[in-house]
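Student: Next comes work.pdb, PDB, C-alpha atoms:
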ATOM      1  CA  MET A 477      18.660   6.658  11.182
ATOM      2  CA  ASP A 478      18.172  10.279  10.128
ATOM      3  CA  ILE A 479      18.959  11.433   6.580
ATOM      4  CA  VAL A 480      18.933  15.174   5.840
ATOM      5  CA  TRP A 481      19.432  16.705   2.378
ATOM      6  CA  TYR A 482      21.072  20.123   1.966
ATOM      7  CA  GLY A 483      20.825  20.375  -1.825
ATOM      8  CA  HIS A 484      22.588  18.925  -4.871
ATOM      9  CA  SER A 485      24.376  15.741  -3.678
ATOM     10  CA  CYS A 486      24.988  16.765  -0.058
ATOM     11  CA  PHE A 487      23.420  14.721   2.745
ATOM     12  CA  ARG A 488      24.066  14.143   6.423
ATOM     13  CA  LEU A 489      23.460  10.646   7.766
ATOM     14  CA  SER A 490      23.360   9.982  11.477
ATOM     15  CA  GLU A 491      22.437   7.115  13.771
ATOM     16  CA  ARG A 492      22.813   7.005  17.516
ATOM     17  CA  GLY A 493      26.025   5.351  18.635
ATOM     18  CA  ARG A 494      27.612   5.385  15.171
ATOM     19  CA  ALA A 495      29.754   7.762  13.137
ATOM     20  CA  SER A 496      27.928  10.552  11.298
ATOM     21  CA  VAL A 497      28.566  11.059   7.586
ATOM     22  CA  VAL A 498      28.384  14.069   5.245
ATOM     23  CA  THR A 499      28.409  13.402   1.500
ATOM     24  CA  ASP A 500      29.615  15.727  -1.281
ATOM     25  CA  PRO A 501      29.588  19.143   0.477
ATOM     26  CA  PHE A 502      29.098  21.960  -2.067
ATOM     27  CA  ASP A 503      30.406  25.499  -2.459
ATOM     28  CA  ALA A 504      28.585  28.799  -2.924
ATOM     29  CA  HIS A 505      28.578  28.826  -6.741
ATOM     30  CA  LEU A 506      25.585  26.447  -6.869
ATOM     31  CA  GLY A 507      23.289  29.034  -5.307
ATOM     32  CA  TYR A 508      22.297  26.992  -2.270
ATOM     33  CA  GLU A 509      22.811  28.482   1.173
ATOM     34  CA  LEU A 510      26.013  27.031   2.559
ATOM     35  CA  PRO A 511      25.149  24.749   5.467
ATOM     36  CA  ARG A 512      27.078  24.516   8.706
ATOM     37  CA  LEU A 513      27.793  20.833   9.022
ATOM     38  CA  LYS A 514      29.489  18.597  11.566
ATOM     39  CA  ALA A 515      30.378  14.966  10.973
ATOM     40  CA  ASN A 516      32.894  12.240  11.719
ATOM     41  CA  ILE A 517      33.244  11.161   8.075
ATOM     42  CA  VAL A 518      33.138  13.101   4.798
ATOM     43  CA  THR A 519      32.785  11.275   1.483
ATOM     44  CA  ILE A 520      33.715  12.885  -1.848
ATOM     45  CA  SER A 521      32.368  11.168  -4.951
ATOM     46  CA  HIS A 522      34.532  13.186  -7.329
ATOM     47  CA  ASP A 523      36.762  16.242  -7.269
ATOM     48  CA  ALA A 524      34.490  19.081  -8.419
ATOM     49  CA  PRO A 525      33.519  22.371  -6.713
ATOM     50  CA  GLY A 526      29.906  21.298  -6.222
ATOM     51  CA  HIS A 527      30.995  18.169  -4.386
ATOM     52  CA  ASN A 528      34.225  18.769  -2.457
ATOM     53  CA  ASN A 529      33.904  21.885  -0.282
ATOM     54  CA  LEU A 530      35.386  20.570   2.951
ATOM     55  CA  GLU A 531      35.371  24.018   4.545
ATOM     56  CA  VAL A 532      31.661  23.730   5.448
ATOM     57  CA  VAL A 533      32.189  20.540   7.477
ATOM     58  CA  LYS A 534      33.618  20.791  10.987
ATOM     59  CA  GLY A 535      35.065  18.137  13.247
ATOM     60  CA  TYR A 536      35.563  15.347  10.725
ATOM     61  CA  ASP A 537      38.246  12.755  11.420
ATOM     62  CA  HIS A 538      38.061  10.810   8.179
ATOM     63  CA  LEU A 539      37.954  11.962   4.552
ATOM     64  CA  LEU A 540      37.058   9.320   1.967
ATOM     65  CA  HIS A 541      37.698  10.259  -1.666
ATOM     66  CA  GLY A 542      38.433   7.026  -3.445
ATOM     67  CA  PRO A 543      37.556   3.359  -3.746
ATOM     68  CA  GLY A 544      38.287   0.979  -0.900
ATOM     69  CA  GLU A 545      36.858  -0.587   2.232
ATOM     70  CA  TYR A 546      36.742   1.244   5.542
ATOM     71  CA  GLU A 547      35.325   0.586   9.010
ATOM     72  CA  ILE A 548      34.887   3.754  11.039
ATOM     73  CA  GLY A 549      32.845   4.321  14.162
ATOM     74  CA  GLY A 550      30.534   1.383  13.651
ATOM     75  CA  VAL A 551      29.970   2.161   9.963
ATOM     76  CA  PHE A 552      31.376  -0.144   7.275
ATOM     77  CA  VAL A 553      31.990   1.773   4.043
ATOM     78  CA  ILE A 554      32.675   0.383   0.578
ATOM     79  CA  GLY A 555      33.811   2.794  -2.137
ATOM     80  CA  VAL A 556      33.349   1.488  -5.683
ATOM     81  CA  ALA A 557      34.842   3.355  -8.646
ATOM     82  CA  THR A 558      32.496   3.703 -11.613
ATOM     83  CA  TYR A 559      33.385   4.391 -15.192
ATOM     84  CA  ASP A 560      31.832   3.713 -18.559
ATOM     85  CA  LYS A 561      34.079   1.492 -20.659
ATOM     86  CA  LYS A 562      32.299   2.736 -23.786
ATOM     87  CA  VAL A 563      33.512   6.304 -23.221
ATOM     88  CA  GLU A 564      37.009   7.264 -24.362
ATOM     89  CA  THR A 565      37.601   9.625 -21.420
ATOM     90  CA  PRO A 566      35.411   8.280 -18.591
ATOM     91  CA  ARG A 567      34.481  10.514 -15.673
ATOM     92  CA  HIS A 568      35.881   9.723 -12.258
ATOM     93  CA  ASN A 569      33.201   8.883  -9.711
ATOM     94  CA  VAL A 570      32.977   6.790  -6.571
ATOM     95  CA  VAL A 571      29.777   5.214  -5.256
ATOM     96  CA  TYR A 572      29.819   4.832  -1.471
ATOM     97  CA  VAL A 573      27.851   2.107   0.267
ATOM     98  CA  LEU A 574      27.408   2.906   3.962
ATOM     99  CA  ASP A 575      26.519  -0.139   6.021
ATOM    100  CA  TYR A 576      25.029   0.686   9.434
ATOM    101  CA  ASP A 577      24.549  -3.006  10.249
ATOM    102  CA  SER A 578      20.756  -2.871  10.116
ATOM    103  CA  LEU A 579      20.512  -0.383   7.209
ATOM    104  CA  THR A 580      22.572   0.032   4.042
ATOM    105  CA  VAL A 581      22.669   3.356   2.184
ATOM    106  CA  ALA A 582      24.236   3.905  -1.257
ATOM    107  CA  HIS A 583      25.269   7.403  -2.402
ATOM    108  CA  LEU A 584      25.714   7.181  -6.175
ATOM    109  CA  GLY A 585      27.618  10.464  -6.542
ATOM    110  CA  ASP A 586      27.679  11.666 -10.153
ATOM    111  CA  LEU A 587      27.094   8.257 -11.706
ATOM    112  CA  ASP A 588      26.583   8.955 -15.408
ATOM    113  CA  HIS A 589      25.585   5.583 -16.857
ATOM    114  CA  VAL A 590      23.580   2.474 -16.055
ATOM    115  CA  PRO A 591      26.048   0.137 -14.316
ATOM    116  CA  THR A 592      26.791  -3.417 -15.346
ATOM    117  CA  GLN A 593      25.447  -6.326 -13.341
ATOM    118  CA  SER A 594      28.944  -6.985 -11.976
ATOM    119  CA  MET A 595      29.090  -3.454 -10.606
ATOM    120  CA  VAL A 596      25.635  -3.841  -9.053
ATOM    121  CA  ASP A 597      26.812  -7.096  -7.439
ATOM    122  CA  ALA A 598      29.886  -5.287  -6.057
ATOM    123  CA  LEU A 599      27.629  -2.809  -4.274
ATOM    124  CA  GLY A 600      25.648  -5.544  -2.547
ATOM    125  CA  PRO A 601      22.088  -5.244  -1.176
ATOM    126  CA  ILE A 602      20.895  -1.628  -0.838
ATOM    127  CA  ASP A 603      18.097  -0.479   1.473
ATOM    128  CA  ILE A 604      18.236   3.243   0.655
ATOM    129  CA  ALA A 605      19.606   4.686  -2.595
ATOM    130  CA  LEU A 606      20.556   8.356  -3.008
ATOM    131  CA  VAL A 607      20.271   8.755  -6.778
ATOM    132  CA  PRO A 608      21.168  11.623  -9.169
ATOM    133  CA  VAL A 609      18.178  12.174 -11.474
ATOM    134  CA  GLY A 610      18.663  15.523 -13.240
ATOM    135  CA  GLY A 611      21.163  14.803 -15.997
ATOM    136  CA  GLY A 612      23.818  17.471 -16.507
ATOM    137  CA  GLY A 613      26.598  14.903 -16.754
ATOM    138  CA  SER A 614      24.991  12.418 -14.358
ATOM    139  CA  LEU A 615      22.039  10.053 -14.776
ATOM    140  CA  SER A 616      19.040  11.266 -16.733
ATOM    141  CA  SER A 617      15.587  10.608 -15.303
ATOM    142  CA  SER A 618      15.101   7.499 -17.449
ATOM    143  CA  GLN A 619      18.577   6.156 -16.633
ATOM    144  CA  ALA A 620      17.975   6.810 -12.937
ATOM    145  CA  ALA A 621      14.745   4.794 -13.063
ATOM    146  CA  GLU A 622      16.629   1.939 -14.729
ATOM    147  CA  VAL A 623      19.327   2.037 -12.042
ATOM    148  CA  VAL A 624      16.646   1.883  -9.364
ATOM    149  CA  SER A 625      15.186  -1.221 -11.008
ATOM    150  CA  LEU A 626      18.630  -2.844 -10.909
ATOM    151  CA  LEU A 627      19.416  -1.948  -7.294
ATOM    152  CA  GLU A 628      15.901  -2.705  -6.009
ATOM    153  CA  PRO A 629      16.198  -0.516  -2.893
ATOM    154  CA  SER A 630      13.366  -0.126  -0.394
ATOM    155  CA  ILE A 631      13.658   3.672  -0.494
ATOM    156  CA  VAL A 632      14.907   6.036  -3.218
ATOM    157  CA  ILE A 633      15.867   9.629  -2.429
ATOM    158  CA  PRO A 634      16.394  11.748  -5.575
ATOM    159  CA  MET A 635      19.287  14.241  -5.637
ATOM    160  CA  HIS A 636      21.216  16.370  -8.148
ATOM    161  CA  PHE A 637      18.199  17.971  -9.859
ATOM    162  CA  GLN A 638      16.955  21.483 -10.618
ATOM    163  CA  THR A 639      15.514  23.465  -7.698
ATOM    164  CA  GLU A 640      14.557  27.095  -7.144
ATOM    165  CA  ALA A 641      17.887  27.708  -5.434
ATOM    166  CA  LEU A 642      20.182  26.033  -7.968
ATOM    167  CA  THR A 643      21.926  28.542 -10.255
ATOM    168  CA  GLY A 644      25.420  27.171 -10.844
ATOM    169  CA  VAL A 645      24.358  24.439 -13.275
ATOM    170  CA  GLU A 646      21.232  23.657 -15.270
ATOM    171  CA  LEU A 647      19.583  20.319 -14.530
ATOM    172  CA  ASP A 648      16.238  18.650 -15.195
ATOM    173  CA  PRO A 649      13.494  18.977 -12.567
ATOM    174  CA  VAL A 650      12.692  16.038 -10.318
ATOM    175  CA  ASP A 651       9.206  15.734 -11.847
ATOM    176  CA  ARG A 652      10.629  13.879 -14.843
ATOM    177  CA  PHE A 653      12.084  11.193 -12.600
ATOM    178  CA  LEU A 654       8.874  10.907 -10.596
ATOM    179  CA  LYS A 655       6.988  10.362 -13.858
ATOM    180  CA  GLU A 656       9.475   7.656 -14.904
ATOM    181  CA  MET A 657       8.847   5.957 -11.546
ATOM    182  CA  GLY A 658       5.082   6.242 -11.928
ATOM    183  CA  VAL A 659       4.850   8.499  -8.883
ATOM    184  CA  ASN A 660       2.466  11.421  -8.626
ATOM    185  CA  ALA A 661       3.622  14.714  -7.115
ATOM    186  CA  THR A 662       4.730  13.997  -3.562
ATOM    187  CA  GLU A 663       5.251  16.298  -0.601
ATOM    188  CA  GLN A 664       8.807  17.162   0.352
ATOM    189  CA  GLU A 665       9.892  16.048   3.792
ATOM    190  CA  PRO A 666      12.420  17.906   6.000
ATOM    191  CA  LEU A 667      14.232  14.637   6.743
ATOM    192  CA  LEU A 668      13.896  10.888   6.494
ATOM    193  CA  ARG A 669      13.836   9.056   9.820
ATOM    194  CA  VAL A 670      13.849   5.330   9.214
ATOM    195  CA  SER A 671      14.663   2.019  10.883
ATOM    196  CA  SER A 672      15.160  -1.425   9.415
ATOM    197  CA  SER A 673      11.756  -2.470  10.730
ATOM    198  CA  GLY A 674      10.109   0.473   8.977
ATOM    199  CA  LEU A 675      11.298  -0.235   5.432
ATOM    200  CA  PRO A 676       8.508  -0.533   2.853
ATOM    201  CA  GLU A 677       7.988  -3.800   0.978
ATOM    202  CA  GLN A 678       7.756  -2.016  -2.373
ATOM    203  CA  THR A 679      10.255   0.604  -3.566
ATOM    204  CA  GLN A 680       9.174   4.021  -2.314
ATOM    205  CA  VAL A 681      10.391   7.436  -3.499
ATOM    206  CA  VAL A 682      10.988   9.962  -0.711
ATOM    207  CA  LEU A 683      11.472  13.575  -1.771
ATOM    208  CA  LEU A 684      13.441  15.668   0.713
ATOM    209  CA  ASP A 685      13.451  19.465   1.066
ATOM    210  CA  TYR A 686      16.763  21.343   1.131
ATOM    211  CA  ARG A 687      15.091  24.234   2.978
ATOM    212  CA  HIS A 688      15.281  23.594   6.709
TER     213      HIS A 688
END
Please express the file's structure as structure tokens.
Tutor:
Amino acid sequence: MDIVWYGHSCFRLSERGRASVVTDPFDAHLGYELPRLKANIVTISHDAPGHNNLEVVKGYDHLLHGPGEYEIGGVFVIGVATYDKKVETPRHNVVYVLDYDSLTVAHLGDLDHVPTQSMVDALGPIDIALVPVGGGGSLSSSQAAEVVSLLEPSIVIPMHFQTEALTGVELDPVDRFLKEMGVNATEQEPLLRVSSSGLPEQTQVVLLDYRH
């Protein structure tokens, strides 16, 4: 499987012989260069300009923007709605779990609170977690670290944090999350290429570069 990050919460996931997926495509107001993307499936975690710009994705056959279970092109997808019962007006957000048979990837969208154990159980086992870490309405660095400890993924890829390109919103830098995870500064990779046989035994943080 190849996982490429384009900035904010936008990734492209691809595996030979299975449907390709783009998550949360953004618009120009964030400051990132708009990518030219092609995929079979687009997932939208919530309806906001930084997460729902379908115009940059070509050729998609399926748009997922709510909870449910889907099986498309060899990929089984579970969408789980998240909301904080303690908040009077909870934010809409959907976590998508993408099951590629041998690998399971969870895109947490704009999750803004540490989920309950029942919600964690609903997501099932996670190999790779794409986790917001920069605050700004989603998980803070400390909350993100707590979520990682609950999900116990093999690989964590941070997203939704401050970068040189980001101008549309103000978020915390990824360094705070790395510190919470006890990780020293790590090199950014252009993509993550991984197989089920190559998963680490201990949770590993992989930092991707939006500049390709």
Student: Do you know which residues the PyMOL selection byres ((chain A and resi 556) around 9) returns on this file, as a ChimeraX atom specification?
Tutor: /A:542-545,554-555,557-558,569-573,595,598-599
Student: For a quick check of understanding, using only C-alpha atoms, which of A:Lys655, A:His522, A:His583, A:His688 has the smallest distance to Val498 (chain A)?
Tutor: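 Ranking A:Lys655, A:His522, A:His583, A:His688 by distance to Val498 (chain A), first place goes to A:His583.
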Student: Excluding His636 (chain A) and residues on its chain fewer than 5 positions from it, collect all residues at most 6 Å away from it, counting only C-alpha atoms, and give them as an MDAnalysis selection string.
Tutor: chainID A and resid 484:485 608 610
Student: Selection from above, C-alpha atoms, as a tab-separated table (two decimals), in the coordinates of the input, can you write it?
Tutor:
chain	number	residue	atom	x	y	z
A	484	HIS	CA	22.59	18.92	-4.87
A	485	SER	CA	24.38	15.74	-3.68
A	608	PRO	CA	21.17	11.62	-9.17
A	610	GLY	CA	18.66	15.52	-13.24
Student: Could you state which residues are captured by the PyMOL selection byres ((chain A and resi 486) around 9) in this file, as a PyMOL selection string?
Tutor: chain A and resi 480-485+487-488+498-502+527+635-636
Student: Excluding Glu640 (chain A) and its own-chain neighbours fewer than 3 positions away, which residues fall within 10 Å of it when counting only C-alpha atoms? Please give them as a list in words.
Tutor: Gly507, Tyr508, Thr643 and Pro649 of chain A
Student: Care to translate the PyMOL selection byres ((chain A and resi 637) around 10) into actual residues of this file, as number ranges by chain?
Tutor: A: 483-485, 607-612, 614, 616-617, 634-636, 638-639, 642, 645-653
Student: Extract, using only C-alpha atoms, all DNA, RNA and protein residues at most 9 Å from Asp523 (chain A), discarding same-chain residues fewer than 5 positions from it, and format them as a CSV table (one decimal) with C-alpha atoms, in the coordinates of the input.
Tutor:
chain,number,residue,atom,x,y,z
A,528,ASN,CA,34.2,18.8,-2.5
A,541,HIS,CA,37.7,10.3,-1.7
A,568,HIS,CA,35.9,9.7,-12.3
A,569,ASN,CA,33.2,8.9,-9.7
Student: Which residues, written as a PyMOL selection string, have at least one atom at most 12 Å from Asp577 (chain A), with only C-alpha atoms counted and residues fewer than 6 positions away on the same chain left out?
Tutor: chain A and resi 477+491+493-494+547+549-553+601-603+671-672
Student: Please dump the current selection as a PDB file, in the coordinates of the input; keep C-alpha atoms.
Tutor:
ATOM      1  CA  MET A 477      18.660   6.658  11.182  1.00  0.00           C
ATOM      2  CA  GLU A 491      22.437   7.115  13.771  1.00  0.00           C
ATOM      3  CA  GLY A 493      26.025   5.351  18.635  1.00  0.00           C
ATOM      4  CA  ARG A 494      27.612   5.385  15.171  1.00  0.00           C
ATOM      5  CA  GLU A 547      35.325   0.586   9.010  1.00  0.00           C
ATOM      6  CA  GLY A 549      32.845   4.321  14.162  1.00  0.00           C
ATOM      7  CA  GLY A 550      30.534   1.383  13.651  1.00  0.00           C
ATOM      8  CA  VAL A 551      29.970   2.161   9.963  1.00  0.00           C
ATOM      9  CA  PHE A 552      31.376  -0.144   7.275  1.00  0.00           C
ATOM     10  CA  VAL A 553      31.990   1.773   4.043  1.00  0.00           C
ATOM     11  CA  PRO A 601      22.088  -5.244  -1.176  1.00  0.00           C
ATOM     12  CA  ILE A 602      20.895  -1.628  -0.838  1.00  0.00           C
ATOM     13  CA  ASP A 603      18.097  -0.479   1.473  1.00  0.00           C
ATOM     14  CA  SER A 671      14.663   2.019  10.883  1.00  0.00           C
ATOM     15  CA  SER A 672      15.160  -1.425   9.415  1.00  0.00           C
TER      16      SER A 672
END
Student: Do you have the CA of Gly674 (chain A)-CA of Val624 (chain A) distance handy?
Tutor: 19.5 Å
Student: Once you add 4 Å to each side, what are the centre and edge lengths of the axis-aligned box holding all listed atoms of region 611-624 of chain A? One decimal in Å, as lines of an AutoDock Vina configuration file, if you can.
Tutor:
center_x = 20.7
center_y = 9.7
center_z = -13.4
size_x = 19.9
size_y = 23.6
size_z = 16.1
Student: Measure the distance from CA of Val518 (chain A) to CA of Leu683 (chain A) in Å and round it to one decimal.
Tutor: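 One can read the CA of Val518 (chain A) to CA of Leu683 (chain A) distance as 22.6 Å.
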Student: Can you list, as a ChimeraX atom specification, every protein, DNA or RNA residue that comes within 8 Å of Ala605 (chain A) when you count all atoms listed in the file, leaving out same-chain residues fewer than 6 positions away?
Tutor: /A:581-584,624,629,631-633
Student: Separation of CA of Val590 (chain A) and CA of Tyr559 (chain A), in Å?
Tutor: 10.0 Å
Student: Need the neighbours of (21.7, -4.6, -7.7): which residues are at most 8 Å away, counting only C-alpha atoms, as a list in words?
Tutor: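 Counting only C-alpha atoms, I find these residues within 8 Å of (21.7, -4.6, -7.7): Gln593, Val596, Asp597, Leu599, Gly600, Pro601, Ile602, Leu626, Leu627 and Glu628 of chain A.
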